[in-house]
$ cat structure-v4.cif   # mmCIF, C-alpha atoms
data_model
loop_
_atom_site.group_PDB
_atom_site.id
_atom_site.type_symbol
_atom_site.label_atom_id
_atom_site.label_comp_id
_atom_site.auth_asym_id
_atom_site.auth_seq_id
_atom_site.Cartn_x
_atom_site.Cartn_y
_atom_site.Cartn_z
ATOM 1 C CA MET A 24 -6.298 39.018 -59.930
ATOM 2 C CA LYS A 25 -9.557 39.937 -61.620
ATOM 3 C CA THR A 26 -11.447 37.237 -59.686
ATOM 4 C CA SER A 27 -10.165 38.382 -56.260
ATOM 5 C CA SER A 28 -11.158 41.999 -56.917
ATOM 6 C CA GLN A 29 -14.634 40.808 -57.972
ATOM 7 C CA LEU A 30 -14.904 38.757 -54.754
ATOM 8 C CA ILE A 31 -13.923 41.789 -52.631
ATOM 9 C CA ALA A 32 -16.430 43.979 -54.485
ATOM 10 C CA ALA A 33 -19.178 41.383 -53.969
ATOM 11 C CA ALA A 34 -18.379 41.096 -50.253
ATOM 12 C CA ALA A 35 -18.455 44.867 -49.869
ATOM 13 C CA LEU A 36 -21.798 45.064 -51.679
ATOM 14 C CA ALA A 37 -23.238 42.323 -49.456
ATOM 15 C CA PHE A 38 -22.029 44.181 -46.336
ATOM 16 C CA VAL A 39 -23.691 47.421 -47.499
ATOM 17 C CA ALA A 40 -26.942 45.534 -48.166
ATOM 18 C CA VAL A 41 -26.930 43.978 -44.673
ATOM 19 C CA VAL A 42 -26.230 47.320 -42.961
ATOM 20 C CA GLY A 43 -28.849 49.120 -45.072
ATOM 21 C CA ALA A 44 -31.531 46.581 -44.145
ATOM 22 C CA HIS A 45 -30.936 47.320 -40.443
ATOM 23 C CA ALA A 46 -32.013 50.993 -40.582
ATOM 24 C CA GLU A 47 -34.228 52.635 -37.943
ATOM 25 C CA THR A 48 -37.882 53.320 -38.515
ATOM 26 C CA TYR A 49 -39.458 56.789 -38.286
ATOM 27 C CA LEU A 50 -42.120 57.038 -35.616
ATOM 28 C CA GLY A 51 -43.104 60.639 -36.256
ATOM 29 C CA VAL A 52 -42.866 63.598 -33.913
ATOM 30 C CA HIS A 53 -42.989 62.638 -30.246
ATOM 31 C CA GLN A 54 -45.396 64.356 -27.895
ATOM 32 C CA SER A 55 -43.662 66.576 -25.367
ATOM 33 C CA VAL A 56 -43.861 65.659 -21.710
ATOM 34 C CA SER A 57 -43.704 68.653 -19.370
ATOM 35 C CA ALA A 58 -44.812 69.486 -15.859
ATOM 36 C CA LEU A 59 -45.389 73.119 -16.857
ATOM 37 C CA ASN A 60 -48.062 74.505 -19.118
ATOM 38 C CA ARG A 61 -47.260 76.829 -22.017
ATOM 39 C CA ALA A 62 -48.028 80.034 -20.075
ATOM 40 C CA ASP A 63 -45.643 79.069 -17.257
ATOM 41 C CA VAL A 64 -42.871 78.263 -19.735
ATOM 42 C CA ASP A 65 -43.416 81.613 -21.503
ATOM 43 C CA ALA A 66 -43.284 83.505 -18.192
ATOM 44 C CA GLU A 67 -40.081 81.704 -17.191
ATOM 45 C CA ALA A 68 -38.512 82.520 -20.556
ATOM 46 C CA VAL A 69 -39.366 86.213 -20.192
ATOM 47 C CA ARG A 70 -37.847 86.298 -16.684
ATOM 48 C CA ALA A 71 -34.684 84.579 -17.885
ATOM 49 C CA ALA A 72 -34.329 86.871 -20.899
ATOM 50 C CA SER A 73 -34.657 90.041 -18.822
ATOM 51 C CA ALA A 74 -32.402 88.919 -15.944
ATOM 52 C CA PRO A 75 -29.398 91.165 -15.275
ATOM 53 C CA ASN A 76 -25.913 89.829 -16.029
ATOM 54 C CA GLN A 77 -27.280 86.645 -17.568
ATOM 55 C CA ASN A 78 -24.277 86.091 -19.815
ATOM 56 C CA VAL A 79 -21.624 86.830 -17.200
ATOM 57 C CA THR A 80 -19.833 83.931 -15.577
ATOM 58 C CA ARG A 81 -19.290 83.927 -11.841
ATOM 59 C CA GLY A 82 -16.093 85.653 -10.812
ATOM 60 C CA SER A 83 -15.547 87.478 -14.108
ATOM 61 C CA ARG A 84 -16.213 90.841 -12.444
ATOM 62 C CA GLY A 85 -13.937 90.309 -9.481
ATOM 63 C CA ALA A 86 -14.106 88.200 -6.391
ATOM 64 C CA ASP A 87 -17.351 87.504 -4.591
ATOM 65 C CA PRO A 88 -17.911 89.478 -1.398
ATOM 66 C CA PHE A 89 -16.097 87.909 1.553
ATOM 67 C CA THR A 90 -18.031 87.170 4.697
ATOM 68 C CA SER A 91 -15.924 85.995 7.602
ATOM 69 C CA VAL A 92 -17.251 83.327 9.933
ATOM 70 C CA ALA A 93 -14.432 83.627 12.476
ATOM 71 C CA ASP A 94 -14.474 85.924 15.492
ATOM 72 C CA PRO A 95 -12.058 88.827 14.788
ATOM 73 C CA ALA A 96 -10.877 88.928 18.413
ATOM 74 C CA ALA A 97 -10.042 85.218 18.364
ATOM 75 C CA VAL A 98 -8.164 85.567 15.072
ATOM 76 C CA ARG A 99 -6.193 88.531 16.446
ATOM 77 C CA ALA A 100 -5.356 86.660 19.660
ATOM 78 C CA GLN A 101 -4.136 83.663 17.693
ATOM 79 C CA ALA A 102 -1.998 85.905 15.467
ATOM 80 C CA VAL A 103 -0.429 87.636 18.467
ATOM 81 C CA ALA A 104 0.289 84.300 20.159
ATOM 82 C CA THR A 105 1.885 82.902 17.020
ATOM 83 C CA ALA A 106 3.976 86.023 16.403
ATOM 84 C CA SER A 107 5.162 86.066 20.033
ATOM 85 C CA ALA A 108 6.006 82.373 20.258
ATOM 86 C CA PRO A 109 9.533 81.670 21.500
ATOM 87 C CA ASP A 110 11.847 79.810 19.169
ATOM 88 C CA GLN A 111 9.406 80.185 16.294
ATOM 89 C CA ASN A 112 12.208 80.516 13.753
ATOM 90 C CA VAL A 113 14.343 77.745 15.186
ATOM 91 C CA SER A 114 13.927 74.145 14.119
ATOM 92 C CA SER A 115 15.733 70.963 15.031
ATOM 93 C CA GLY A 116 17.795 71.290 11.859
ATOM 94 C CA SER A 117 19.020 74.799 12.692
ATOM 95 C CA ARG A 118 22.089 73.525 14.493
ATOM 96 C CA VAL A 119 24.067 70.340 13.989
ATOM 97 C CA ASN A 120 23.259 67.536 16.445
ATOM 98 C CA SER A 121 20.855 69.665 18.484
ATOM 99 C CA ARG A 122 17.267 69.505 19.576
ATOM 100 C CA VAL A 123 15.098 72.499 20.371
ATOM 101 C CA ILE A 124 13.390 72.223 23.724
ATOM 102 C CA SER A 125 11.667 75.474 24.450
ATOM 103 C CA THR A 126 11.627 76.380 28.125
ATOM 104 C CA MET A 127 10.401 79.927 27.648
ATOM 105 C CA LYS A 128 6.780 80.836 28.088
ATOM 106 C CA ASN A 129 4.976 82.587 25.280
ATOM 107 C CA PRO A 130 4.973 86.334 26.133
ATOM 108 C CA ALA A 131 1.482 86.789 24.722
ATOM 109 C CA GLU A 132 0.136 84.043 26.977
ATOM 110 C CA VAL A 133 1.905 85.581 29.982
ATOM 111 C CA ARG A 134 0.325 88.976 29.280
ATOM 112 C CA LEU A 135 -3.106 87.418 28.788
ATOM 113 C CA GLN A 136 -2.856 85.474 32.041
ATOM 114 C CA ALA A 137 -1.731 88.641 33.853
ATOM 115 C CA GLN A 138 -4.719 90.531 32.481
ATOM 116 C CA ARG A 139 -7.036 87.798 33.691
ATOM 117 C CA ASP A 140 -5.461 87.879 37.134
ATOM 118 C CA GLY A 141 -5.521 91.686 37.246
ATOM 119 C CA VAL A 142 -1.738 91.933 37.593
ATOM 120 C CA GLN A 143 0.450 94.289 35.552
ATOM 121 C CA ALA A 144 2.709 92.158 33.324
ATOM 122 C CA LYS A 145 6.337 93.138 32.840
#
$ encode --input "structure-v4.cif" --output "structure tokens"
Amino acid sequence: MKTSSQLIAAAALAFVAVVGAHAETYLGVHQSVSALNRADVDAEAVRAASAPNQNVTRGSRGADPFTSVADPAAVRAQAVATASAPDQNVSSGSRVNSRVISTMKNPAEVRLQAQRDGVQAK
């Protein structure tokens, strides 16, 4: 038992010696490589340090302002057409063994066509 523990200790010591001999060398302090000179870096640091809300993450003070890209008239017309659509709440599964085949015209489209034609819609 004493011999096996000595063998394990010798193997461990040999492993430490091999790993220790493979250490990195120190090359000193590396020269910095920068596209900016010291004055430009200082000016950038001053601007960054005096910037407003520099430690605030985006969205932490509420939502960003919304800017719509859609035409409001087109959105309204689409909403009216959708709300006026016939059979909008009826699906093929509403009744047993039935299919929905809409034969009614959309009232919003009828009114819009009447306005284009200059006729008073009923």
$ resolve_selection --input "structure-v4.cif" --expression "the PyMOL selection byres ((chain A and resi 107) around 7)" --output "PyMOL selection string"
chain A and resi 103-106+108-109+129-131
$ write_last_selection --input "structure-v4.cif" --atoms "C-alpha atoms" --output "PDB file, in the coordinates of the input"
ATOM      1  CA  VAL A 103      -0.429  87.636  18.467  1.00  0.00           C
ATOM      2  CA  ALA A 104       0.289  84.300  20.159  1.00  0.00           C
ATOM      3  CA  THR A 105       1.885  82.902  17.020  1.00  0.00           C
ATOM      4  CA  ALA A 106       3.976  86.023  16.403  1.00  0.00           C
ATOM      5  CA  ALA A 108       6.006  82.373  20.258  1.00  0.00           C
ATOM      6  CA  PRO A 109       9.533  81.670  21.500  1.00  0.00           C
ATOM      7  CA  ASN A 129       4.976  82.587  25.280  1.00  0.00           C
ATOM      8  CA  PRO A 130       4.973  86.334  26.133  1.00  0.00           C
ATOM      9  CA  ALA A 131       1.482  86.789  24.722  1.00  0.00           C
TER      10      ALA A 131
END
$ atom_distance --input "structure-v4.cif" --atom1 "atom CA of A:Gly51" --atom2 "atom CA of A:Asp65"
25.6 Å
$ atom_distance --input "structure-v4.cif" --atom1 "atom CA of A:Thr80" --atom2 "atom CA of A:Leu59"
27.8 Å
$ atom_distance --input "structure-v4.cif" --atom1 "atom CA of A:Phe89" --atom2 "atom CA of A:Gln77"
22.2 Å
$ build_atoms --input "structure-v4.cif" --residues "stretch 81-115 of chain A" --atoms "N, CA and C atoms" --output "compact mmCIF listing (two decimals), in the frame of the given file"
# COMPACT_ATOMS: atom_id res chain seq x y z
N ARG A 81 -19.60 83.56 -13.22
CA ARG A 81 -19.29 83.93 -11.84
C ARG A 81 -17.80 84.19 -11.69
N GLY A 82 -17.48 85.30 -11.05
CA GLY A 82 -16.09 85.65 -10.81
C GLY A 82 -15.46 86.47 -11.91
N SER A 83 -16.15 86.73 -13.02
CA SER A 83 -15.55 87.48 -14.11
C SER A 83 -15.50 88.97 -13.81
N ARG A 84 -16.23 89.43 -12.83
CA ARG A 84 -16.21 90.84 -12.44
C ARG A 84 -15.57 91.03 -11.08
N GLY A 85 -14.61 90.20 -10.76
CA GLY A 85 -13.94 90.31 -9.48
C GLY A 85 -14.39 89.22 -8.54
N ALA A 86 -13.80 89.23 -7.38
CA ALA A 86 -14.11 88.20 -6.39
C ALA A 86 -15.48 88.45 -5.76
N ASP A 87 -16.09 87.38 -5.31
CA ASP A 87 -17.35 87.50 -4.59
C ASP A 87 -17.10 88.18 -3.25
N PRO A 88 -18.10 88.84 -2.71
CA PRO A 88 -17.91 89.48 -1.40
C PRO A 88 -17.53 88.44 -0.35
N PHE A 89 -16.59 88.82 0.52
CA PHE A 89 -16.10 87.91 1.55
C PHE A 89 -16.86 88.14 2.83
N THR A 90 -17.38 87.09 3.40
CA THR A 90 -18.03 87.17 4.70
C THR A 90 -17.31 86.21 5.63
N SER A 91 -16.71 86.78 6.67
CA SER A 91 -15.92 86.00 7.60
C SER A 91 -16.84 85.29 8.59
N VAL A 92 -16.48 84.08 8.95
CA VAL A 92 -17.25 83.33 9.93
C VAL A 92 -16.49 83.22 11.25
N ALA A 93 -15.25 83.71 11.27
CA ALA A 93 -14.43 83.63 12.48
C ALA A 93 -14.58 84.90 13.29
N ASP A 94 -14.42 84.78 14.59
CA ASP A 94 -14.47 85.92 15.49
C ASP A 94 -13.19 86.73 15.33
N PRO A 95 -13.27 88.03 15.01
CA PRO A 95 -12.06 88.83 14.79
C PRO A 95 -11.14 88.87 16.01
N ALA A 96 -11.71 88.90 17.20
CA ALA A 96 -10.88 88.93 18.41
C ALA A 96 -10.09 87.63 18.57
N ALA A 97 -10.72 86.51 18.26
CA ALA A 97 -10.04 85.22 18.36
C ALA A 97 -8.93 85.11 17.32
N VAL A 98 -9.19 85.61 16.12
CA VAL A 98 -8.16 85.57 15.07
C VAL A 98 -6.98 86.44 15.46
N ARG A 99 -7.26 87.64 16.03
CA ARG A 99 -6.19 88.53 16.45
C ARG A 99 -5.38 87.90 17.58
N ALA A 100 -6.06 87.29 18.55
CA ALA A 100 -5.36 86.66 19.66
C ALA A 100 -4.46 85.52 19.18
N GLN A 101 -4.94 84.75 18.23
CA GLN A 101 -4.14 83.66 17.69
C GLN A 101 -2.93 84.20 16.94
N ALA A 102 -3.12 85.31 16.21
CA ALA A 102 -2.00 85.90 15.47
C ALA A 102 -0.94 86.45 16.41
N VAL A 103 -1.38 87.10 17.49
CA VAL A 103 -0.43 87.64 18.47
C VAL A 103 0.33 86.50 19.14
N ALA A 104 -0.37 85.44 19.51
CA ALA A 104 0.29 84.30 20.16
C ALA A 104 1.30 83.65 19.23
N THR A 105 0.96 83.52 17.98
CA THR A 105 1.88 82.90 17.02
C THR A 105 3.09 83.79 16.78
N ALA A 106 2.87 85.10 16.65
CA ALA A 106 3.98 86.02 16.40
C ALA A 106 4.90 86.14 17.61
N SER A 107 4.37 85.92 18.82
CA SER A 107 5.16 86.07 20.03
C SER A 107 5.77 84.76 20.51
N ALA A 108 5.54 83.69 19.81
CA ALA A 108 6.01 82.37 20.26
C ALA A 108 7.52 82.32 20.32
N PRO A 109 8.08 81.79 21.42
CA PRO A 109 9.53 81.67 21.50
C PRO A 109 10.03 80.58 20.55
N ASP A 110 11.20 80.78 20.06
CA ASP A 110 11.85 79.81 19.17
C ASP A 110 11.02 79.50 17.92
N GLN A 111 10.25 80.47 17.45
CA GLN A 111 9.41 80.18 16.29
C GLN A 111 10.19 80.04 15.00
N ASN A 112 11.40 80.61 14.97
CA ASN A 112 12.21 80.52 13.75
C ASN A 112 13.32 79.49 13.88
N VAL A 113 13.30 78.72 14.95
CA VAL A 113 14.34 77.74 15.19
C VAL A 113 13.74 76.36 15.03
N SER A 114 14.40 75.51 14.29
CA SER A 114 13.93 74.14 14.12
C SER A 114 15.04 73.20 14.54
N SER A 115 14.73 71.94 14.60
CA SER A 115 15.73 70.96 15.03
C SER A 115 16.89 70.88 14.05
